[in-house]
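Coordinates from structure_18.tsv are shown below (TSV, N, CA and C atoms).
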chain	number	residue	atom	x	y	z
L	1	MET	N	-53.15	25.18	-6.80
L	1	MET	CA	-52.01	26.09	-6.84
L	1	MET	C	-51.15	25.76	-8.06
L	2	SER	N	-50.87	26.76	-8.86
L	2	SER	CA	-50.05	26.51	-10.04
L	2	SER	C	-48.57	26.51	-9.63
L	3	ARG	N	-47.80	25.75	-10.35
L	3	ARG	CA	-46.38	25.63	-10.07
L	3	ARG	C	-45.66	26.89	-10.53
L	4	ARG	N	-44.82	27.43	-9.65
L	4	ARG	CA	-44.08	28.63	-9.97
L	4	ARG	C	-42.82	28.70	-9.14
L	5	ILE	N	-41.99	29.66	-9.41
L	5	ILE	CA	-40.75	29.85	-8.67
L	5	ILE	C	-41.00	30.84	-7.54
L	6	MET	N	-40.56	30.47	-6.34
L	6	MET	CA	-40.68	31.34	-5.18
L	6	MET	C	-39.29	31.83	-4.79
L	7	ARG	N	-39.18	33.09	-4.46
L	7	ARG	CA	-37.93	33.64	-3.95
L	7	ARG	C	-37.92	33.52	-2.43
L	8	LEU	N	-36.76	33.70	-1.83
L	8	LEU	CA	-36.57	33.46	-0.39
L	8	LEU	C	-37.56	34.22	0.48
L	9	LYS	N	-37.81	35.47	0.20
L	9	LYS	CA	-38.72	36.26	1.03
L	9	LYS	C	-40.11	35.63	1.10
L	10	GLU	N	-40.59	35.15	-0.02
L	10	GLU	CA	-41.91	34.50	-0.06
L	10	GLU	C	-41.86	33.15	0.65
L	11	VAL	N	-40.78	32.39	0.46
L	11	VAL	CA	-40.64	31.10	1.14
L	11	VAL	C	-40.67	31.32	2.66
L	12	MET	N	-39.95	32.32	3.13
L	12	MET	CA	-39.94	32.64	4.56
L	12	MET	C	-41.34	32.96	5.06
L	13	HIS	N	-42.08	33.74	4.29
L	13	HIS	CA	-43.43	34.12	4.67
L	13	HIS	C	-44.36	32.91	4.71
L	14	VAL	N	-44.30	32.08	3.70
L	14	VAL	CA	-45.19	30.92	3.60
L	14	VAL	C	-44.90	29.89	4.70
L	15	CYS	N	-43.62	29.70	5.00
L	15	CYS	CA	-43.21	28.66	5.94
L	15	CYS	C	-43.14	29.14	7.39
L	16	GLY	N	-43.04	30.44	7.58
L	16	GLY	CA	-42.90	30.97	8.94
L	16	GLY	C	-41.52	30.75	9.51
L	17	LEU	N	-40.54	30.52	8.65
L	17	LEU	CA	-39.16	30.29	9.08
L	17	LEU	C	-38.29	31.46	8.66
L	18	GLY	N	-37.20	31.66	9.38
L	18	GLY	CA	-36.22	32.66	8.99
L	18	GLY	C	-35.22	32.07	8.02
L	19	ARG	N	-34.42	32.95	7.45
L	19	ARG	CA	-33.41	32.56	6.47
L	19	ARG	C	-32.47	31.47	7.00
L	20	SER	N	-31.92	31.68	8.18
L	20	SER	CA	-30.97	30.71	8.75
L	20	SER	C	-31.62	29.35	8.97
L	21	SER	N	-32.85	29.36	9.47
L	21	SER	CA	-33.56	28.09	9.71
L	21	SER	C	-33.79	27.34	8.41
L	22	ILE	N	-34.18	28.05	7.37
L	22	ILE	CA	-34.40	27.42	6.06
L	22	ILE	C	-33.12	26.75	5.58
L	23	TYR	N	-32.00	27.48	5.62
L	23	TYR	CA	-30.74	26.91	5.13
L	23	TYR	C	-30.23	25.79	6.05
L	24	ASN	N	-30.49	25.88	7.35
L	24	ASN	CA	-30.13	24.77	8.25
L	24	ASN	C	-30.95	23.52	7.93
L	25	TYR	N	-32.24	23.70	7.67
L	25	TYR	CA	-33.10	22.57	7.31
L	25	TYR	C	-32.67	21.96	5.98
L	26	ILE	N	-32.30	22.81	5.03
L	26	ILE	CA	-31.83	22.30	3.73
L	26	ILE	C	-30.58	21.44	3.94
L	27	ALA	N	-29.64	21.93	4.75
L	27	ALA	CA	-28.39	21.20	5.02
L	27	ALA	C	-28.66	19.86	5.69
L	28	ALA	N	-29.73	19.80	6.48
L	28	ALA	CA	-30.09	18.56	7.18
L	28	ALA	C	-30.98	17.66	6.32
L	29	GLY	N	-31.32	18.10	5.10
L	29	GLY	CA	-32.19	17.31	4.23
L	29	GLY	C	-33.64	17.33	4.64
L	30	LYS	N	-34.05	18.38	5.37
L	30	LYS	CA	-35.41	18.46	5.88
L	30	LYS	C	-36.23	19.59	5.26
L	31	PHE	N	-35.74	20.13	4.16
L	31	PHE	CA	-36.45	21.21	3.47
L	31	PHE	C	-36.05	21.16	2.00
L	32	PRO	N	-36.95	21.54	1.10
L	32	PRO	CA	-36.61	21.53	-0.34
L	32	PRO	C	-35.40	22.41	-0.64
L	33	LYS	N	-34.56	21.94	-1.53
L	33	LYS	CA	-33.39	22.70	-1.95
L	33	LYS	C	-33.80	23.81	-2.92
L	34	SER	N	-33.05	24.88	-2.86
L	34	SER	CA	-33.25	25.94	-3.84
L	34	SER	C	-32.64	25.50	-5.17
L	35	ARG	N	-33.02	26.19	-6.21
L	35	ARG	CA	-32.50	25.88	-7.54
L	35	ARG	C	-31.92	27.14	-8.17
L	36	PRO	N	-30.77	27.01	-8.80
L	36	PRO	CA	-30.16	28.19	-9.42
L	36	PRO	C	-31.00	28.70	-10.60
L	37	LEU	N	-31.15	30.02	-10.64
L	37	LEU	CA	-31.90	30.64	-11.73
L	37	LEU	C	-30.98	31.43	-12.65
L	38	GLY	N	-29.74	31.58	-12.25
L	38	GLY	CA	-28.76	32.33	-13.04
L	38	GLY	C	-28.36	33.61	-12.34
L	39	GLY	N	-27.14	34.03	-12.56
L	39	GLY	CA	-26.67	35.28	-11.98
L	39	GLY	C	-26.62	35.27	-10.46
L	40	GLY	N	-26.42	34.11	-9.86
L	40	GLY	CA	-26.36	34.01	-8.41
L	40	GLY	C	-27.71	34.04	-7.72
L	41	ILE	N	-28.78	34.01	-8.51
L	41	ILE	CA	-30.14	34.05	-7.97
L	41	ILE	C	-30.66	32.63	-7.83
L	42	VAL	N	-31.36	32.36	-6.72
L	42	VAL	CA	-31.96	31.04	-6.53
L	42	VAL	C	-33.46	31.20	-6.27
L	43	GLY	N	-34.18	30.11	-6.49
L	43	GLY	CA	-35.61	30.08	-6.22
L	43	GLY	C	-36.03	28.68	-5.79
L	44	TRP	N	-37.23	28.58	-5.26
L	44	TRP	CA	-37.77	27.30	-4.81
L	44	TRP	C	-39.00	26.95	-5.62
L	45	ASP	N	-39.20	25.67	-5.83
L	45	ASP	CA	-40.38	25.16	-6.51
L	45	ASP	C	-41.57	25.28	-5.55
L	46	SER	N	-42.61	25.99	-5.95
L	46	SER	CA	-43.75	26.21	-5.06
L	46	SER	C	-44.45	24.91	-4.67
L	47	ILE	N	-44.43	23.92	-5.54
L	47	ILE	CA	-45.06	22.63	-5.22
L	47	ILE	C	-44.28	21.93	-4.11
L	48	GLU	N	-42.95	21.95	-4.19
L	48	GLU	CA	-42.13	21.32	-3.17
L	48	GLU	C	-42.29	22.01	-1.82
L	49	VAL	N	-42.32	23.34	-1.83
L	49	VAL	CA	-42.51	24.08	-0.58
L	49	VAL	C	-43.90	23.78	-0.01
L	50	GLY	N	-44.91	23.71	-0.87
L	50	GLY	CA	-46.26	23.36	-0.43
L	50	GLY	C	-46.33	21.98	0.19
L	51	ARG	N	-45.60	21.02	-0.38
L	51	ARG	CA	-45.55	19.67	0.20
L	51	ARG	C	-44.93	19.71	1.59
L	52	TRP	N	-43.90	20.54	1.78
L	52	TRP	CA	-43.24	20.66	3.08
L	52	TRP	C	-44.23	21.23	4.10
L	53	VAL	N	-44.94	22.29	3.73
L	53	VAL	CA	-45.93	22.89	4.63
L	53	VAL	C	-47.00	21.87	4.99
L	54	ASP	N	-47.52	21.15	4.01
L	54	ASP	CA	-48.55	20.12	4.27
L	54	ASP	C	-48.04	19.07	5.24
L	55	ALA	N	-46.80	18.62	5.05
L	55	ALA	CA	-46.24	17.59	5.93
L	55	ALA	C	-46.14	18.11	7.37
L	56	ILE	N	-45.67	19.34	7.54
L	56	ILE	CA	-45.54	19.92	8.87
L	56	ILE	C	-46.90	20.04	9.53
L	57	LEU	N	-47.89	20.55	8.81
L	57	LEU	CA	-49.22	20.72	9.37
L	57	LEU	C	-49.90	19.39	9.67
L	58	ASP	N	-49.56	18.35	8.91
L	58	ASP	CA	-50.13	17.02	9.14
L	58	ASP	C	-49.36	16.23	10.19
L	59	GLY	N	-48.25	16.80	10.71
L	59	GLY	CA	-47.47	16.14	11.74
L	59	GLY	C	-46.65	14.97	11.24
L	60	ARG	N	-46.21	15.03	9.99
L	60	ARG	CA	-45.40	13.94	9.46
L	60	ARG	C	-44.08	14.48	8.92
L	61	ASP	N	-43.13	13.59	8.73
L	61	ASP	CA	-41.83	13.99	8.19
L	61	ASP	C	-41.94	14.28	6.71
L	62	TRP	N	-41.24	15.32	6.27
L	62	TRP	CA	-41.18	15.65	4.85
L	62	TRP	C	-40.06	14.84	4.20
L	63	LYS	N	-40.33	14.32	3.04
L	63	LYS	CA	-39.33	13.58	2.25
L	63	LYS	C	-39.25	14.22	0.87
L	64	PRO	N	-38.03	14.45	0.37
L	64	PRO	CA	-37.92	15.02	-0.98
L	64	PRO	C	-38.43	14.04	-2.02
L	65	LEU	N	-38.95	14.58	-3.10
L	65	LEU	CA	-39.39	13.74	-4.21
L	65	LEU	C	-38.17	13.11	-4.87
L	66	GLU	N	-38.36	11.92	-5.40
L	66	GLU	CA	-37.28	11.27	-6.16
L	66	GLU	C	-37.06	12.05	-7.44
L	67	PRO	N	-35.80	12.31	-7.79
L	67	PRO	CA	-35.55	13.03	-9.04
L	67	PRO	C	-36.05	12.24	-10.24
L	68	LYS	N	-36.57	12.94	-11.21
L	68	LYS	CA	-37.05	12.30	-12.44
L	68	LYS	C	-35.85	11.90	-13.28
L	69	SER	N	-35.90	10.70	-13.81
L	69	SER	CA	-34.84	10.22	-14.66
L	69	SER	C	-35.28	10.30	-16.12
L	70	ASP	N	-34.37	10.65	-16.99
L	70	ASP	CA	-34.70	10.72	-18.42
L	70	ASP	C	-34.99	9.33	-18.98
L	71	GLN	N	-34.55	8.30	-18.27
L	71	GLN	CA	-34.71	6.94	-18.76
L	71	GLN	C	-36.03	6.32	-18.32
L	72	GLN	N	-36.77	6.99	-17.39
L	72	GLN	CA	-38.05	6.45	-16.98
L	72	GLN	C	-39.09	6.76	-18.04
L	73	LYS	N	-40.01	5.82	-18.25
L	73	LYS	CA	-41.06	6.03	-19.27
L	73	LYS	C	-42.42	5.94	-18.65
Have the structure of the file written as structure tokens, please.
Amino acid sequence: MSRRIMRLKEVMHVCGLGRSSIYNYIAAGKFPKSRPLGGGIVGWDSIEVGRWVDAILDGRDWKPLEPKSDQQK
């Protein structure tokens, strides 16, 4: 799967969750955060959403990836 930006409607379809559930999970740190795209529009990283789906299907807790630091080599 190539990395791309997913909008909310697609995220809902892929995850089987409704809008409120997605935002509740985000607030609880149990779902990937959306990212601003400009003009009040947000999107999700398809790789992060895919990791969440894999974790759920495998019966394990999802953990967000550590942010990349510019100082890491």
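Among L:Phe31, L:Leu37, L:Lys68, L:Ile22, the residue with the shortest atom-to-atom distance to Val49 in chain L, counting all atoms listed in the file, is L:Phe31.
A straight line drawn from CA of Trp62 in chain L to atom N of Gly40 in chain L is 27.8 Å long.
We find CA of Met6 in chain L and CA of Arg60 in chain L to be spaced 23.2 Å apart.
Note that the spacing between atom N of Asp61 in chain L and CA of Ile41 in chain L amounts to 29.4 Å.
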Can you list, as a PyMOL selection string, all residues belonging to chain L that DSSP tags as alpha helix (DSSP H)?
chain L and resi 8-15+19-27+46-57
Find the spatial neighbours of Pro36 in chain L, counting only C-alpha atoms, within a cut-off of 12 Å - ignore same-chain residues fewer than 5 positions away - and output them as a count of residues only.
8
Centre, edges in Å (one decimal): axis-aligned box, range 2-10 of chain L, 3 Å padding on all six sides, as AutoDock Vina command-line options:
--center_x -43.7 --center_y 30.9 --center_z -4.7 --size_x 20.3 --size_y 16.6 --size_z 17.6
Selection near Gly50 in chain L, 10 Å with only C-alpha atoms, sequence-local residues under 5 positions removed, as an mmCIF file with N, CA and C atoms, in the frame of the given file:
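Contents of part-v8.cif, freshly written:
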data_model
loop_
_atom_site.group_PDB
_atom_site.id
_atom_site.type_symbol
_atom_site.label_atom_id
_atom_site.label_comp_id
_atom_site.auth_asym_id
_atom_site.auth_seq_id
_atom_site.Cartn_x
_atom_site.Cartn_y
_atom_site.Cartn_z
ATOM 1 N N MET L 1 -53.150 25.180 -6.800
ATOM 2 C CA MET L 1 -52.010 26.090 -6.840
ATOM 3 C C MET L 1 -51.150 25.760 -8.060
ATOM 4 N N ARG L 3 -47.800 25.750 -10.350
ATOM 5 C CA ARG L 3 -46.380 25.630 -10.070
ATOM 6 C C ARG L 3 -45.660 26.890 -10.530
ATOM 7 N N VAL L 11 -40.780 32.390 0.460
ATOM 8 C CA VAL L 11 -40.640 31.100 1.140
ATOM 9 C C VAL L 11 -40.670 31.320 2.660
ATOM 10 N N VAL L 14 -44.300 32.080 3.700
ATOM 11 C CA VAL L 14 -45.190 30.920 3.600
ATOM 12 C C VAL L 14 -44.900 29.890 4.700
ATOM 13 N N CYS L 15 -43.620 29.700 5.000
ATOM 14 C CA CYS L 15 -43.210 28.660 5.940
ATOM 15 C C CYS L 15 -43.140 29.140 7.390
ATOM 16 N N PRO L 32 -36.950 21.540 1.100
ATOM 17 C CA PRO L 32 -36.610 21.530 -0.340
ATOM 18 C C PRO L 32 -35.400 22.410 -0.640
ATOM 19 N N ASP L 45 -39.200 25.670 -5.830
ATOM 20 C CA ASP L 45 -40.380 25.160 -6.510
ATOM 21 C C ASP L 45 -41.570 25.280 -5.550
ATOM 22 N N ALA L 55 -46.800 18.620 5.050
ATOM 23 C CA ALA L 55 -46.240 17.590 5.930
ATOM 24 C C ALA L 55 -46.140 18.110 7.370
ATOM 25 N N ILE L 56 -45.670 19.340 7.540
ATOM 26 C CA ILE L 56 -45.540 19.920 8.870
ATOM 27 C C ILE L 56 -46.900 20.040 9.530
#
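Shortest atom-to-atom contact with Ser2 in chain L among L:Gly39, L:Ser20, L:Gly29, L:Ser46: L:Ser46, counting only C-alpha atoms.
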